[in-house]
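J.: Have a look at this one.
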Amino acid sequence: MDAFGHVNNAMYFTYFEQVRVDWLRTLDVGHDLVLANVSCTFIKPLTFPMDIEVALYGGRAGRSSLETYYEIRLAPDSKDLYTQGHGTIVWFDHAAGHSVAIPEAVCRQLEESC
């Protein structure tokens, strides 16, 4: 919580990260990524206590990058949108220091060739 009684803005990025990690775990592809960029549009403040739902949507895929979109709503099944986010994730070989191709399991999930 911040000084105004809202969820601190840094927590939104943690929510985005957690839903992304959970999604990649379901595909069994690990989390060897870097973020090329990430943004957040705060529409309504989250306050404690609230049950929220964080949704992740895959967008345009490149050779090694994927556009991702996030929404935070009240749970369950709320129509009220509290937050929208965007991020570009890049699959990365940390030891070699360069990007690598998006895993095939991710491409299949997105139903496109990467």
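Ligands are numbered from 1 in the order shown, chains are lettered A, B, ... in the order of the structure tokens, and residues start at 1 in each chain.
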Could you give me, as a ChimeraX atom specification, each residue of chain A that DSSP assigns to strand (DSSP E) when run on this structure's backbone?
T.: /A:33-42,52-61,65-74,81-93,98-99
J.: Residues at most 12 Å from Asp77 in chain A, counting only C-alpha atoms, excluding those fewer than 5 positions away in the same chain, as a ChimeraX atom specification?
T.: /A:51-55,72
J.: Please dump the current selection as a short mmCIF file (atom, residue, chain, number, x, y, z; two decimals), in the first residue's frame; keep C-alpha atoms.
T.:
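part.cif written:
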```
data_model
loop_
_atom_site.label_atom_id
_atom_site.label_comp_id
_atom_site.auth_asym_id
_atom_site.auth_seq_id
_atom_site.Cartn_x
_atom_site.Cartn_y
_atom_site.Cartn_z
CA ASP A 51 -9.97 -9.94 -4.92
CA ILE A 52 -8.53 -9.31 -8.36
CA GLU A 53 -8.14 -11.24 -11.57
CA VAL A 54 -5.13 -10.64 -13.79
CA ALA A 55 -5.48 -11.66 -17.43
CA ILE A 72 -6.69 -6.33 -13.99
#
```
J.: Could you tell me, as a ChimeraX atom specification, which residues of chain A DSSP assigns to helix (DSSP H, G or I) when given the backbone?
T.: /A:9-27,104-110
J.: Find the residues around Thr41 in chain A up to 8 Å (only C-alpha atoms counted), leave out those fewer than 3 positions away in its own chain, and share them as a PyMOL selection string.
T.: chain A and resi 83-85
J.: From the list A:Val7, A:Leu66, A:Val106, A:Ala95, which residue is nearest Phe48 in chain A when using only C-alpha atoms?
T.: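 Counting only C-alpha atoms, the residue closest to Phe48 in chain A is A:Val7.
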J.: Got a sec: who's within 9 Å of Gly5 in chain A, counting only C-alpha atoms, leaving out chain neighbours fewer than 4 positions off, as a list in words?
T.: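 Within the cut-off, the hits are Met1, Leu46, Thr47 and Phe48 of chain A.
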J.: For those residues, write N, CA and C atoms to a file as a short mmCIF file (atom, residue, chain, number, x, y, z; two decimals), in the first residue's frame.
T.:
```cif
data_model
loop_
_atom_site.label_atom_id
_atom_site.label_comp_id
_atom_site.auth_asym_id
_atom_site.auth_seq_id
_atom_site.Cartn_x
_atom_site.Cartn_y
_atom_site.Cartn_z
N MET A 1 0.84 -1.18 0.00
CA MET A 1 0.00 0.00 0.00
C MET A 1 0.89 1.24 0.00
N LEU A 46 -6.48 0.19 -7.06
CA LEU A 46 -6.74 -1.01 -6.28
C LEU A 46 -6.50 -0.68 -4.82
N THR A 47 -7.39 -1.14 -3.97
CA THR A 47 -7.25 -0.92 -2.53
C THR A 47 -7.37 -2.26 -1.81
N PHE A 48 -6.93 -2.29 -0.60
CA PHE A 48 -6.99 -3.51 0.20
C PHE A 48 -8.23 -3.46 1.07
#
```
J.: Within 10 Å of Gln109 in chain A, counting only C-alpha atoms, which residues show up once you throw out same-chain ones fewer than 5 positions away? Write them as an mmCIF file with C-alpha atoms, in the first residue's frame, please.
T.:
```
data_model
loop_
_atom_site.group_PDB
_atom_site.id
_atom_site.type_symbol
_atom_site.label_atom_id
_atom_site.label_comp_id
_atom_site.auth_asym_id
_atom_site.auth_seq_id
_atom_site.Cartn_x
_atom_site.Cartn_y
_atom_site.Cartn_z
ATOM 1 C CA LEU A 27 3.697 -24.616 -21.256
ATOM 2 C CA GLY A 58 -0.494 -12.795 -26.311
ATOM 3 C CA GLU A 104 7.815 -23.896 -30.205
#
```
J.: In Å, with one decimal, what is the gap from CA of Tyr69 in chain A to CA of Ala96 in chain A?
T.: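 Value for the CA of Tyr69 in chain A-CA of Ala96 in chain A distance: 28.2 Å.
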J.: Which residue gives the smallest distance to Val38 in chain A among A:Lys79, A:Gly87, A:Tyr70, A:Asp93, with only C-alpha atoms counted?
T.: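 Of the candidates, the smallest distance to Val38 in chain A is held by A:Gly87.
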J.: So which one's closest to Ala61 in chain A, A:Ser39, A:Ser99, A:Asn9, A:Ser113? Using only C-alpha atoms, please.
T.: A:Ser113
J.: Would you mind listing what lies within 7 Å of Ile89 in chain A as a list of chain:residue names, with only C-alpha atoms counted and same-chain residues fewer than 6 positions away left out?
T.: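 Residues near the query, excluding close chain neighbours: A:Leu33, A:Val34, A:Leu35, A:Ala36, A:Ser65, A:Leu66, A:Glu67.
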J.: Would you mind exporting N, CA and C atoms of the selected residues as an mmCIF file, in the first residue's frame?
T.:
```
data_model
loop_
_atom_site.group_PDB
_atom_site.id
_atom_site.type_symbol
_atom_site.label_atom_id
_atom_site.label_comp_id
_atom_site.auth_asym_id
_atom_site.auth_seq_id
_atom_site.Cartn_x
_atom_site.Cartn_y
_atom_site.Cartn_z
ATOM 1 N N LEU A 33 13.798 -15.050 -20.077
ATOM 2 C CA LEU A 33 13.335 -13.871 -20.797
ATOM 3 C C LEU A 33 14.020 -12.621 -20.283
ATOM 4 N N VAL A 34 13.868 -11.577 -21.061
ATOM 5 C CA VAL A 34 14.114 -10.218 -20.590
ATOM 6 C C VAL A 34 12.914 -9.395 -21.046
ATOM 7 N N LEU A 35 12.680 -8.304 -20.369
ATOM 8 C CA LEU A 35 11.631 -7.379 -20.786
ATOM 9 C C LEU A 35 12.257 -6.284 -21.627
ATOM 10 N N ALA A 36 11.777 -6.124 -22.848
ATOM 11 C CA ALA A 36 12.251 -5.031 -23.689
ATOM 12 C C ALA A 36 11.566 -3.733 -23.279
ATOM 13 N N SER A 65 10.672 -12.273 -29.863
ATOM 14 C CA SER A 65 9.889 -11.390 -28.985
ATOM 15 C C SER A 65 8.397 -11.644 -29.116
ATOM 16 N N LEU A 66 7.696 -11.283 -28.058
ATOM 17 C CA LEU A 66 6.246 -11.433 -28.024
ATOM 18 C C LEU A 66 5.643 -10.229 -27.319
ATOM 19 N N GLU A 67 4.657 -9.623 -27.978
ATOM 20 C CA GLU A 67 3.893 -8.550 -27.342
ATOM 21 C C GLU A 67 2.897 -9.194 -26.386
#
```
J.: Identify which of the residues A:Ile102, A:Cys107, A:Leu81, A:Met50 lies closest to His6 in chain A, counting only C-alpha atoms when measuring atom-to-atom distances.
T.: A:Met50
J.: Provide the CA of Thr68 in chain A to CA of His86 in chain A distance in Å, to one decimal place.
T.: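 Separation between CA of Thr68 in chain A and CA of His86 in chain A: 5.6 Å.
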J.: Which of these, A:Cys114, A:Leu56, A:Pro103, A:Cys40, has the shortest distance to Gln18 in chain A once you count only C-alpha atoms?
T.: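 For Gln18 in chain A, the nearest of the candidates is A:Leu56.
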